[in-house]
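Engineer: Dumping the structure here so I can ask a few things about it.
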Amino acid sequence: MQIKIARDYQEMSKLAADIIADFIKAKPSGVLGLATGSTPLGLYEELVERHQEGLDFSKVTTFNLDEYYGLHAEHPASYHYYMHEHLFKHLNVPKERINIPDGANTDAASECRSYEDKITAAGGIDLQILGIGTNGHIGFNEPGAPFGGTTSLVNLALATIEANSRFFDKPEDVPRQAISMGIKSIMNSRKIVLLANGESKADAIARAVEGPVTEGLPASVLQLHPDCTFILDQQAAKKLTHSRR
Ligand code: GLP
């Protein structure tokens with residue numbers, strides 16, 4: 001695992017955008033795995049700028065990590081809505097190449113199976129972007145999620161419901177479940193870039209990088225990935241031992 005420590009959030013976002021831009025230039029028909037949350041917003045702004053300067057997304061395929069279960073794509077707190085507003089409406093990724101789990105599909109099992117099938121049919125994910133929850137979750141794989149898991153309907157941890165209630169009018173509106181790519185689906189990606197900023201992530205980052213590899217801290221599995229880079233701001237990196245910084 002490689003650790004890059006940026007001066008601040010903006011530099012973290014730029015470093016991640018550089019990796020994506022270089023990847024797309026090298027493989028215009030590449031498959032990108034995308035994340036939501038507040039962490040990648042700066043990265044998405046950067047990508048929009050680079051597209052305006054000529055970076056072409058017309059052959060790219062994307063897969064999002066997750067979606068709240070029970071929310072329609074038009075719901076303003078859905079990840080469909082988020083992705084459209086912050087990224088896709090500004091880029092030229094063809095609609096049919098954008099994949100996000102359908103949180104409104106009442107047959108969750110079939111939705112999960114077909115999502116995995118689509119990833120396989122696309123040739124797997126080349127470059128997966130991740131954020132991290134304060135409890136170490138990746139995607140919506142909460143502590144205890146099996147390392148062998150593929151896309152499935154998952155229950156959200158209380159900490160996650162509380163952290164994400166800021167995006168909803170009332171805490172009781174936050175869905176309790178989500179469809180998420182599993183740890184195995186994520187680990188199958190050829191390259192992984194995890195972004196984290198702010199002090200609230202420092203504990204999870206230190207445990208993910210330096211703690212034991214355990215299902216109790218989902219991001220710790222990334223220690224086993226052959227090509228994984230963490231890009232952190234100073235705050236998120238501050239609990240790493242000095243030799244790492
Ligand atoms: C959400 C998402 C994750 C994201 C995490 C952190 O629950 N499912 O993919 O990484 O929360 O969010 P934020 O970036 O807002 O801190």
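Chain labels A, B, ... are given in the sequence in which chains occur in the structure tokens; within each chain residues are numbered consecutively from 1, and ligands are likewise numbered from 1 in the order shown.
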Taking only residues of chain A that have an atom at most 8 Å from an atom of ligand 1, what is each one's shortest atom pair and its distance in Å to one decimal, using only C-alpha atoms and all ligand atoms, in chain and number order, as JSON lines?

Structural biologist:
```
{"residue": "A:Ala35", "atom": "CA", "partner": "ligand 1", "partner_atom_place_in_ligand_line": "9 (O)", "distance": 5.2}
{"residue": "A:Thr36", "atom": "CA", "partner": "ligand 1", "partner_atom_place_in_ligand_line": "9 (O)", "distance": 5.2}
{"residue": "A:Gly37", "atom": "CA", "partner": "ligand 1", "partner_atom_place_in_ligand_line": "15 (O)", "distance": 3.5}
{"residue": "A:Ser38", "atom": "CA", "partner": "ligand 1", "partner_atom_place_in_ligand_line": "15 (O)", "distance": 3.8}
{"residue": "A:Thr39", "atom": "CA", "partner": "ligand 1", "partner_atom_place_in_ligand_line": "14 (O)", "distance": 3.7}
{"residue": "A:Pro40", "atom": "CA", "partner": "ligand 1", "partner_atom_place_in_ligand_line": "14 (O)", "distance": 6.6}
{"residue": "A:Leu65", "atom": "CA", "partner": "ligand 1", "partner_atom_place_in_ligand_line": "9 (O)", "distance": 6.7}
{"residue": "A:Asp66", "atom": "CA", "partner": "ligand 1", "partner_atom_place_in_ligand_line": "8 (N)", "distance": 6.3}
{"residue": "A:Glu67", "atom": "CA", "partner": "ligand 1", "partner_atom_place_in_ligand_line": "8 (N)", "distance": 7.6}
{"residue": "A:Leu130", "atom": "CA", "partner": "ligand 1", "partner_atom_place_in_ligand_line": "10 (O)", "distance": 5.9}
{"residue": "A:Gly131", "atom": "CA", "partner": "ligand 1", "partner_atom_place_in_ligand_line": "10 (O)", "distance": 3.3}
{"residue": "A:Ile132", "atom": "CA", "partner": "ligand 1", "partner_atom_place_in_ligand_line": "10 (O)", "distance": 4.1}
{"residue": "A:Gly133", "atom": "CA", "partner": "ligand 1", "partner_atom_place_in_ligand_line": "6 (C)", "distance": 4.3}
{"residue": "A:Thr134", "atom": "CA", "partner": "ligand 1", "partner_atom_place_in_ligand_line": "6 (C)", "distance": 7.2}
{"residue": "A:His137", "atom": "CA", "partner": "ligand 1", "partner_atom_place_in_ligand_line": "5 (C)", "distance": 7.1}
{"residue": "A:Ile138", "atom": "CA", "partner": "ligand 1", "partner_atom_place_in_ligand_line": "9 (O)", "distance": 5.7}
{"residue": "A:Gly139", "atom": "CA", "partner": "ligand 1", "partner_atom_place_in_ligand_line": "9 (O)", "distance": 4.0}
{"residue": "A:Phe140", "atom": "CA", "partner": "ligand 1", "partner_atom_place_in_ligand_line": "8 (N)", "distance": 4.7}
{"residue": "A:Thr160", "atom": "CA", "partner": "ligand 1", "partner_atom_place_in_ligand_line": "7 (O)", "distance": 5.9}
{"residue": "A:Ala163", "atom": "CA", "partner": "ligand 1", "partner_atom_place_in_ligand_line": "7 (O)", "distance": 7.7}
{"residue": "A:Asn164", "atom": "CA", "partner": "ligand 1", "partner_atom_place_in_ligand_line": "7 (O)", "distance": 6.5}
{"residue": "A:Ala196", "atom": "CA", "partner": "ligand 1", "partner_atom_place_in_ligand_line": "14 (O)", "distance": 7.4}
{"residue": "A:Lys201", "atom": "CA", "partner": "ligand 1", "partner_atom_place_in_ligand_line": "16 (O)", "distance": 7.9}
```

Engineer: Just to be explicit: take each residue in the selection above, keep all heavy atoms, and write the result as a short mmCIF file (atom, residue, chain, number, x, y, z; two decimals), in the first residue's frame.

Structural biologist:
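The resulting file, result04.cif, is shown below:
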```cif
data_model
loop_
_atom_site.label_atom_id
_atom_site.label_comp_id
_atom_site.auth_asym_id
_atom_site.auth_seq_id
_atom_site.Cartn_x
_atom_site.Cartn_y
_atom_site.Cartn_z
N ALA A 35 -17.05 6.70 -6.15
CA ALA A 35 -17.56 6.76 -4.78
C ALA A 35 -18.39 8.04 -4.60
O ALA A 35 -18.30 8.97 -5.41
CB ALA A 35 -16.40 6.77 -3.81
N THR A 36 -19.15 8.07 -3.52
CA THR A 36 -19.92 9.28 -3.19
C THR A 36 -19.45 9.82 -1.84
O THR A 36 -18.37 9.47 -1.39
CB THR A 36 -21.43 8.96 -3.17
OG1 THR A 36 -21.60 7.77 -2.40
CG2 THR A 36 -21.95 8.73 -4.58
N GLY A 37 -20.25 10.65 -1.20
CA GLY A 37 -19.84 11.26 0.07
C GLY A 37 -19.23 12.62 -0.20
O GLY A 37 -19.08 13.03 -1.36
N SER A 38 -18.84 13.32 0.88
CA SER A 38 -18.28 14.66 0.66
C SER A 38 -16.82 14.59 0.21
O SER A 38 -16.33 15.51 -0.47
CB SER A 38 -18.42 15.52 1.90
OG SER A 38 -18.31 14.75 3.05
N THR A 39 -16.12 13.51 0.53
CA THR A 39 -14.69 13.43 0.22
C THR A 39 -14.37 13.61 -1.27
O THR A 39 -13.49 14.41 -1.59
CB THR A 39 -14.11 12.09 0.73
OG1 THR A 39 -14.48 11.95 2.11
CG2 THR A 39 -12.61 12.03 0.58
N PRO A 40 -15.04 12.92 -2.20
CA PRO A 40 -14.62 13.05 -3.60
C PRO A 40 -15.16 14.28 -4.33
O PRO A 40 -14.92 14.43 -5.53
CB PRO A 40 -15.14 11.76 -4.26
CG PRO A 40 -16.18 11.23 -3.37
CD PRO A 40 -16.05 11.85 -2.03
N LEU A 65 -20.12 2.53 -6.29
CA LEU A 65 -20.02 1.54 -5.22
C LEU A 65 -21.35 1.13 -4.64
O LEU A 65 -21.54 -0.03 -4.28
CB LEU A 65 -19.22 2.15 -4.05
CG LEU A 65 -17.72 2.24 -4.17
CD1 LEU A 65 -17.19 3.15 -3.07
CD2 LEU A 65 -17.11 0.85 -4.05
N ASP A 66 -22.26 2.11 -4.52
CA ASP A 66 -23.43 1.80 -3.70
C ASP A 66 -24.58 2.76 -3.95
O ASP A 66 -24.43 3.78 -4.63
CB ASP A 66 -23.04 1.81 -2.21
CG ASP A 66 -22.21 3.03 -1.82
OD1 ASP A 66 -22.18 4.01 -2.58
OD2 ASP A 66 -21.59 3.00 -0.75
N GLU A 67 -25.73 2.43 -3.38
CA GLU A 67 -26.92 3.28 -3.42
C GLU A 67 -27.79 2.92 -2.22
O GLU A 67 -27.85 1.76 -1.79
CB GLU A 67 -27.69 3.06 -4.73
CG GLU A 67 -28.99 3.83 -4.87
CD GLU A 67 -28.85 5.35 -4.78
OE1 GLU A 67 -28.62 5.86 -3.66
OE2 GLU A 67 -28.98 6.03 -5.82
N LEU A 130 -12.18 5.18 -3.69
CA LEU A 130 -12.89 4.92 -2.44
C LEU A 130 -12.79 6.11 -1.49
O LEU A 130 -11.78 6.81 -1.48
CB LEU A 130 -12.26 3.73 -1.69
CG LEU A 130 -12.31 2.34 -2.29
CD1 LEU A 130 -11.55 1.37 -1.38
CD2 LEU A 130 -13.76 1.88 -2.46
N GLY A 131 -13.83 6.28 -0.68
CA GLY A 131 -13.73 7.10 0.53
C GLY A 131 -13.64 6.12 1.69
O GLY A 131 -13.49 4.91 1.49
N ILE A 132 -13.78 6.63 2.90
CA ILE A 132 -13.78 5.74 4.06
C ILE A 132 -14.71 6.32 5.12
O ILE A 132 -14.76 7.54 5.31
CB ILE A 132 -12.34 5.55 4.61
CG1 ILE A 132 -12.30 4.52 5.75
CG2 ILE A 132 -11.70 6.87 5.03
CD1 ILE A 132 -10.87 4.12 6.17
N GLY A 133 -15.48 5.46 5.78
CA GLY A 133 -16.33 5.92 6.87
C GLY A 133 -15.51 6.07 8.14
O GLY A 133 -14.41 5.52 8.25
N THR A 134 -16.01 6.81 9.12
CA THR A 134 -15.26 6.99 10.38
C THR A 134 -15.10 5.64 11.10
O THR A 134 -14.20 5.46 11.90
CB THR A 134 -15.98 7.99 11.32
OG1 THR A 134 -17.36 7.61 11.41
CG2 THR A 134 -15.88 9.40 10.80
N HIS A 137 -15.60 1.84 7.21
CA HIS A 137 -16.32 1.18 6.12
C HIS A 137 -15.84 1.66 4.75
O HIS A 137 -15.36 2.78 4.60
CB HIS A 137 -17.85 1.29 6.27
CG HIS A 137 -18.47 2.60 5.96
ND1 HIS A 137 -19.37 3.22 6.79
CD2 HIS A 137 -18.37 3.41 4.87
CE1 HIS A 137 -19.78 4.34 6.24
NE2 HIS A 137 -19.20 4.48 5.08
N ILE A 138 -15.94 0.78 3.77
CA ILE A 138 -15.68 1.15 2.38
C ILE A 138 -16.91 0.73 1.56
O ILE A 138 -17.46 -0.34 1.78
CB ILE A 138 -14.37 0.52 1.82
CG1 ILE A 138 -14.25 -0.97 2.12
CG2 ILE A 138 -13.16 1.29 2.33
CD1 ILE A 138 -13.00 -1.64 1.53
N GLY A 139 -17.32 1.60 0.62
CA GLY A 139 -18.63 1.42 0.03
C GLY A 139 -19.60 1.53 1.20
O GLY A 139 -19.48 2.43 2.04
N PHE A 140 -20.52 0.59 1.31
CA PHE A 140 -21.34 0.50 2.52
C PHE A 140 -21.07 -0.82 3.21
O PHE A 140 -21.94 -1.41 3.82
CB PHE A 140 -22.83 0.65 2.18
CG PHE A 140 -23.34 2.07 2.30
CD1 PHE A 140 -24.15 2.61 1.30
CD2 PHE A 140 -23.05 2.84 3.40
CE1 PHE A 140 -24.64 3.91 1.41
CE2 PHE A 140 -23.53 4.15 3.52
CZ PHE A 140 -24.34 4.67 2.51
N THR A 160 -23.06 5.17 10.74
CA THR A 160 -23.20 5.62 9.35
C THR A 160 -24.51 6.38 9.17
O THR A 160 -24.54 7.42 8.51
CB THR A 160 -23.15 4.39 8.42
OG1 THR A 160 -21.93 3.70 8.67
CG2 THR A 160 -23.22 4.80 6.96
N ALA A 163 -23.94 9.71 10.70
CA ALA A 163 -23.03 10.55 9.90
C ALA A 163 -23.74 11.05 8.64
O ALA A 163 -23.52 12.19 8.21
CB ALA A 163 -21.78 9.77 9.54
N ASN A 164 -24.59 10.22 8.05
CA ASN A 164 -25.21 10.60 6.78
C ASN A 164 -26.54 11.33 6.94
O ASN A 164 -27.13 11.75 5.94
CB ASN A 164 -25.39 9.35 5.90
CG ASN A 164 -24.05 8.82 5.42
OD1 ASN A 164 -23.01 9.43 5.68
ND2 ASN A 164 -24.04 7.70 4.74
N ALA A 196 -9.01 10.35 1.83
CA ALA A 196 -9.56 10.70 3.15
C ALA A 196 -9.02 12.06 3.57
O ALA A 196 -7.84 12.34 3.39
CB ALA A 196 -9.20 9.65 4.19
N LYS A 201 -11.35 11.24 10.23
CA LYS A 201 -10.96 9.99 9.56
C LYS A 201 -9.62 9.44 10.08
O LYS A 201 -9.21 8.35 9.68
CB LYS A 201 -10.85 10.21 8.04
CG LYS A 201 -12.13 10.72 7.37
CD LYS A 201 -13.23 9.68 7.41
CE LYS A 201 -14.58 10.20 6.93
NZ LYS A 201 -14.66 10.52 5.54
#
```

Engineer: Could you give me, as JSON, numbers by chain, the residues within 9 Å of stretch 13-20 of chain A, counting only C-alpha atoms and dropping anything in the same chain fewer than 5 positions from it?

Structural biologist: {"A": [4, 6, 8, 25, 32, 39, 40, 41, 42, 43, 44, 45, 46, 47, 50, 127, 129, 193, 194, 195, 231]}

Engineer: For each of A:Cys112, A:Met83, A:Ala206, A:Leu91, take the minimum atom-to-atom distance to A:Gln52, counting only C-alpha atoms, then give the residue where this is smallest.

Structural biologist: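 The answer is A:Leu91, which sits nearest to A:Gln52.
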
Engineer: Within 12 Å of stretch 114-124 of chain A, which residues of stretch 128-237 of chain A come that close, and what is the closest atom pair and distance in Å for each? Count only C-alpha atoms and give it as a Markdown table.

Structural biologist:
```
| residue | atom | partner | partner_atom | distance |
| --- | --- | --- | --- | --- |
| A:Gln128 | CA | A:Gly124 | CA | 10.3 |
| A:Gly149 | CA | A:Glu116 | CA | 11.1 |
| A:Thr150 | CA | A:Glu116 | CA | 7.4 |
| A:Thr151 | CA | A:Glu116 | CA | 6.3 |
| A:Ser152 | CA | A:Glu116 | CA | 9.4 |
| A:Leu153 | CA | A:Tyr115 | CA | 11.8 |
| A:Ile179 | CA | A:Tyr115 | CA | 9.9 |
| A:Ser180 | CA | A:Tyr115 | CA | 9.7 |
| A:Met181 | CA | A:Glu116 | CA | 8.0 |
| A:Gly182 | CA | A:Glu116 | CA | 9.6 |
| A:Lys184 | CA | A:Glu116 | CA | 10.7 |
| A:Ser185 | CA | A:Glu116 | CA | 7.8 |
| A:Ile186 | CA | A:Gly124 | CA | 9.9 |
| A:Met187 | CA | A:Gly124 | CA | 10.7 |
| A:Asn188 | CA | A:Gly124 | CA | 7.4 |
| A:Ser189 | CA | A:Gly124 | CA | 6.6 |
| A:Arg190 | CA | A:Gly124 | CA | 8.0 |
| A:Lys191 | CA | A:Gly124 | CA | 10.9 |
```

Engineer: Would you save the residues of that selection, restricted to all heavy atoms, as a short mmCIF file (atom, residue, chain, number, x, y, z; two decimals), in the first residue's frame?

Structural biologist:
```cif
data_model
loop_
_atom_site.label_atom_id
_atom_site.label_comp_id
_atom_site.auth_asym_id
_atom_site.auth_seq_id
_atom_site.Cartn_x
_atom_site.Cartn_y
_atom_site.Cartn_z
N GLN A 128 -10.53 1.88 -9.06
CA GLN A 128 -11.63 2.12 -8.11
C GLN A 128 -11.26 3.25 -7.15
O GLN A 128 -10.22 3.20 -6.50
CB GLN A 128 -11.90 0.83 -7.31
CG GLN A 128 -12.93 0.98 -6.19
CD GLN A 128 -14.34 1.22 -6.72
OE1 GLN A 128 -14.86 0.43 -7.51
NE2 GLN A 128 -14.97 2.31 -6.31
N GLY A 149 -17.39 -11.04 0.34
CA GLY A 149 -18.72 -10.60 -0.11
C GLY A 149 -18.72 -9.91 -1.47
O GLY A 149 -17.80 -9.17 -1.82
N THR A 150 -19.78 -10.17 -2.23
CA THR A 150 -19.98 -9.45 -3.50
C THR A 150 -21.16 -8.48 -3.30
O THR A 150 -21.62 -8.29 -2.18
CB THR A 150 -20.26 -10.46 -4.63
OG1 THR A 150 -21.35 -11.29 -4.24
CG2 THR A 150 -19.05 -11.34 -4.91
N THR A 151 -21.66 -7.90 -4.40
CA THR A 151 -22.72 -6.89 -4.27
C THR A 151 -23.92 -7.48 -3.52
O THR A 151 -24.41 -8.55 -3.87
CB THR A 151 -23.16 -6.42 -5.67
OG1 THR A 151 -22.02 -5.90 -6.34
CG2 THR A 151 -24.23 -5.33 -5.56
N SER A 152 -24.37 -6.76 -2.49
CA SER A 152 -25.50 -7.28 -1.72
C SER A 152 -26.27 -6.16 -1.02
O SER A 152 -25.82 -5.00 -0.98
CB SER A 152 -25.03 -8.33 -0.70
OG SER A 152 -24.09 -7.74 0.16
N LEU A 153 -27.43 -6.55 -0.50
CA LEU A 153 -28.25 -5.63 0.30
C LEU A 153 -27.69 -5.66 1.71
O LEU A 153 -27.58 -6.73 2.32
CB LEU A 153 -29.70 -6.12 0.28
CG LEU A 153 -30.71 -5.27 1.06
CD1 LEU A 153 -30.84 -3.86 0.47
CD2 LEU A 153 -32.08 -5.96 1.07
N ILE A 179 -27.68 -0.97 -1.19
CA ILE A 179 -27.07 -2.00 -2.04
C ILE A 179 -25.63 -1.56 -2.24
O ILE A 179 -25.38 -0.42 -2.65
CB ILE A 179 -27.81 -2.12 -3.39
CG1 ILE A 179 -29.19 -2.73 -3.14
CG2 ILE A 179 -27.00 -3.00 -4.36
CD1 ILE A 179 -30.03 -2.93 -4.37
N SER A 180 -24.71 -2.44 -1.90
CA SER A 180 -23.30 -2.06 -1.99
C SER A 180 -22.48 -3.15 -2.66
O SER A 180 -22.71 -4.34 -2.43
CB SER A 180 -22.74 -1.84 -0.57
OG SER A 180 -21.36 -1.51 -0.62
N MET A 181 -21.53 -2.74 -3.47
CA MET A 181 -20.52 -3.68 -3.93
C MET A 181 -19.89 -4.28 -2.68
O MET A 181 -19.73 -3.60 -1.66
CB MET A 181 -19.44 -2.96 -4.76
CG MET A 181 -19.78 -2.80 -6.22
SD MET A 181 -18.69 -1.63 -7.09
CE MET A 181 -17.08 -2.32 -6.77
N GLY A 182 -19.51 -5.55 -2.74
CA GLY A 182 -18.90 -6.20 -1.58
C GLY A 182 -17.40 -5.97 -1.54
O GLY A 182 -16.81 -5.38 -2.45
N LYS A 184 -15.14 -8.20 -1.78
CA LYS A 184 -14.47 -8.96 -2.84
C LYS A 184 -14.59 -8.21 -4.17
O LYS A 184 -13.62 -8.14 -4.94
CB LYS A 184 -15.10 -10.35 -2.95
CG LYS A 184 -14.36 -11.28 -3.87
CD LYS A 184 -14.95 -12.67 -3.81
CE LYS A 184 -14.50 -13.49 -5.00
NZ LYS A 184 -15.39 -14.63 -5.20
N SER A 185 -15.78 -7.65 -4.46
CA SER A 185 -15.95 -6.89 -5.70
C SER A 185 -14.94 -5.74 -5.75
O SER A 185 -14.36 -5.44 -6.80
CB SER A 185 -17.36 -6.30 -5.85
OG SER A 185 -18.33 -6.92 -5.06
N ILE A 186 -14.75 -5.08 -4.61
CA ILE A 186 -13.82 -3.94 -4.56
C ILE A 186 -12.38 -4.43 -4.74
O ILE A 186 -11.61 -3.87 -5.52
CB ILE A 186 -13.98 -3.18 -3.22
CG1 ILE A 186 -15.36 -2.51 -3.15
CG2 ILE A 186 -12.85 -2.16 -3.02
CD1 ILE A 186 -15.72 -1.92 -1.79
N MET A 187 -12.04 -5.50 -4.03
CA MET A 187 -10.66 -6.03 -4.09
C MET A 187 -10.29 -6.56 -5.47
O MET A 187 -9.12 -6.67 -5.82
CB MET A 187 -10.47 -7.11 -3.04
CG MET A 187 -10.40 -6.58 -1.62
SD MET A 187 -8.95 -5.54 -1.31
CE MET A 187 -7.70 -6.80 -1.02
N ASN A 188 -11.30 -6.93 -6.27
CA ASN A 188 -11.02 -7.41 -7.62
C ASN A 188 -10.58 -6.29 -8.57
O ASN A 188 -10.12 -6.55 -9.67
CB ASN A 188 -12.28 -8.07 -8.22
CG ASN A 188 -12.45 -9.49 -7.73
OD1 ASN A 188 -11.50 -10.10 -7.24
ND2 ASN A 188 -13.66 -10.01 -7.83
N SER A 189 -10.76 -5.03 -8.17
CA SER A 189 -10.34 -3.91 -9.01
C SER A 189 -8.83 -3.97 -9.21
O SER A 189 -8.09 -4.31 -8.28
CB SER A 189 -10.67 -2.57 -8.35
OG SER A 189 -12.00 -2.57 -7.92
N ARG A 190 -8.39 -3.58 -10.40
CA ARG A 190 -6.95 -3.70 -10.68
C ARG A 190 -6.13 -2.67 -9.91
O ARG A 190 -4.99 -2.92 -9.54
CB ARG A 190 -6.71 -3.62 -12.18
CG ARG A 190 -7.18 -4.92 -12.86
CD ARG A 190 -6.93 -4.92 -14.35
NE ARG A 190 -8.13 -4.51 -15.05
CZ ARG A 190 -9.16 -5.32 -15.33
NH1 ARG A 190 -9.13 -6.58 -14.96
NH2 ARG A 190 -10.22 -4.87 -15.97
N LYS A 191 -6.73 -1.50 -9.71
CA LYS A 191 -6.02 -0.47 -8.94
C LYS A 191 -7.04 0.23 -8.04
O LYS A 191 -8.19 0.43 -8.45
CB LYS A 191 -5.40 0.54 -9.92
CG LYS A 191 -4.60 1.65 -9.27
CD LYS A 191 -4.04 2.60 -10.34
CE LYS A 191 -3.25 3.73 -9.73
NZ LYS A 191 -1.98 3.30 -9.12
#
```

Engineer: Quick one: everything within 12 Å of A:His75, counting only C-alpha atoms, minus sequence neighbours fewer than 6 positions away in the same chain. Send it as a count of residues only.

Structural biologist: 15

Engineer: According to DSSP computed on the backbone, where in stretch 73-128 of chain A is there helix (DSSP H, G or I)? Give the residues as a list in words.

Structural biologist: Tyr79, His80, Tyr81, Tyr82, Met83, His84, Glu85, His86, Phe88, Lys89, His90, Lys95, Glu96, Arg97, Ala108, Ala109, Ser110, Glu111, Cys112, Arg113, Ser114, Tyr115, Glu116, Asp117, Lys118, Ile119, Thr120 and Ala121 of chain A

Engineer: Near A:Ser58, within 9 Å and counting only C-alpha atoms, which residues show up once chain neighbours fewer than 6 positions away are dropped, as a PDB file with all heavy atoms, in the first residue's frame?

Structural biologist:
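Saved result, part04.pdb, follows:
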```pdb
ATOM      1  N   PRO A  28      -8.513   4.901 -22.918  1.00  0.00           N
ATOM      2  CA  PRO A  28      -9.736   5.700 -23.072  1.00  0.00           C
ATOM      3  C   PRO A  28     -11.018   4.917 -22.817  1.00  0.00           C
ATOM      4  O   PRO A  28     -12.036   5.487 -22.431  1.00  0.00           O
ATOM      5  CB  PRO A  28      -9.674   6.165 -24.534  1.00  0.00           C
ATOM      6  CG  PRO A  28      -8.231   6.071 -24.907  1.00  0.00           C
ATOM      7  CD  PRO A  28      -7.658   4.936 -24.110  1.00  0.00           C
ATOM      8  N   SER A  29     -10.972   3.584 -23.010  1.00  0.00           N
ATOM      9  CA  SER A  29     -12.190   2.790 -22.769  1.00  0.00           C
ATOM     10  C   SER A  29     -12.135   2.083 -21.414  1.00  0.00           C
ATOM     11  O   SER A  29     -12.760   1.042 -21.226  1.00  0.00           O
ATOM     12  CB  SER A  29     -12.347   1.751 -23.876  1.00  0.00           C
ATOM     13  OG  SER A  29     -11.225   0.880 -23.827  1.00  0.00           O
ATOM     14  N   LEU A  91     -20.044  15.881 -17.700  1.00  0.00           N
ATOM     15  CA  LEU A  91     -19.093  15.092 -18.509  1.00  0.00           C
ATOM     16  C   LEU A  91     -19.791  14.472 -19.713  1.00  0.00           C
ATOM     17  O   LEU A  91     -21.013  14.521 -19.819  1.00  0.00           O
ATOM     18  CB  LEU A  91     -18.492  13.950 -17.664  1.00  0.00           C
ATOM     19  CG  LEU A  91     -17.723  14.290 -16.390  1.00  0.00           C
ATOM     20  CD1 LEU A  91     -17.126  13.010 -15.798  1.00  0.00           C
ATOM     21  CD2 LEU A  91     -16.623  15.300 -16.640  1.00  0.00           C
ATOM     22  N   ASN A  92     -19.008  13.811 -20.559  1.00  0.00           N
ATOM     23  CA  ASN A  92     -19.592  13.145 -21.733  1.00  0.00           C
ATOM     24  C   ASN A  92     -19.539  11.613 -21.622  1.00  0.00           C
ATOM     25  O   ASN A  92     -19.322  10.937 -22.621  1.00  0.00           O
ATOM     26  CB  ASN A  92     -18.915  13.624 -23.023  1.00  0.00           C
ATOM     27  CG  ASN A  92     -17.434  13.249 -23.083  1.00  0.00           C
ATOM     28  OD1 ASN A  92     -16.811  13.017 -22.049  1.00  0.00           O
ATOM     29  ND2 ASN A  92     -16.869  13.190 -24.272  1.00  0.00           N
ATOM     30  N   VAL A  93     -19.747  11.090 -20.387  1.00  0.00           N
ATOM     31  CA  VAL A  93     -19.864   9.629 -20.272  1.00  0.00           C
ATOM     32  C   VAL A  93     -21.243   9.263 -20.840  1.00  0.00           C
ATOM     33  O   VAL A  93     -22.254   9.797 -20.371  1.00  0.00           O
ATOM     34  CB  VAL A  93     -19.806   9.146 -18.796  1.00  0.00           C
ATOM     35  CG1 VAL A  93     -19.803   7.613 -18.732  1.00  0.00           C
ATOM     36  CG2 VAL A  93     -18.605   9.722 -18.064  1.00  0.00           C
ATOM     37  N   PRO A  94     -21.308   8.359 -21.862  1.00  0.00           N
ATOM     38  CA  PRO A  94     -22.628   7.999 -22.388  1.00  0.00           C
ATOM     39  C   PRO A  94     -23.480   7.356 -21.288  1.00  0.00           C
ATOM     40  O   PRO A  94     -22.964   6.592 -20.464  1.00  0.00           O
ATOM     41  CB  PRO A  94     -22.310   6.979 -23.490  1.00  0.00           C
ATOM     42  CG  PRO A  94     -20.862   7.129 -23.779  1.00  0.00           C
ATOM     43  CD  PRO A  94     -20.212   7.653 -22.537  1.00  0.00           C
TER      44      PRO A  94
END
```

Engineer: May I ask which of the residues A:Pro218, A:Gly198, A:Gly136, A:Gly211 is the closest one to A:Thr241, counting only C-alpha atoms?

Structural biologist: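 Of A:Pro218, A:Gly198, A:Gly136, A:Gly211, the one nearest A:Thr241 is A:Gly211, counting only C-alpha atoms.
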
Engineer: Pick out the closest residue to A:Leu55 from this set: A:Arg176, A:His90, A:His80, A:Arg7. Count only C-alpha atoms.

Structural biologist: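 Smallest distance to A:Leu55 is found for A:His90.
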
Engineer: Based on the backbone DSSP call, show me all residues of stretch 42-84 of chain A assigned strand (DSSP E or B), as a PyMOL selection string.

Structural biologist: chain A and resi 61-64+66-68

Engineer: Tell me, as number ranges by chain, which residues lie within 8 Å of A:Ala145, counting only C-alpha atoms; anything in the same chain fewer than 5 positions away does not count.

Structural biologist: A: 183, 215-216, 218

Engineer: Which of these residues is nearest to A:Glu210, using only C-alpha atoms: A:Lys238, A:His225, A:Lys89, A:Arg244?

Structural biologist: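 Smallest distance to A:Glu210 is found for A:Arg244.
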
Engineer: Of the candidates A:Asn99, A:Gln234, A:Ser78, A:Asn135, which shows the shortest atom-to-atom distance to A:Val60, using only C-alpha atoms?

Structural biologist: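 Among the listed residues, the smallest separation from A:Val60 belongs to A:Asn99.
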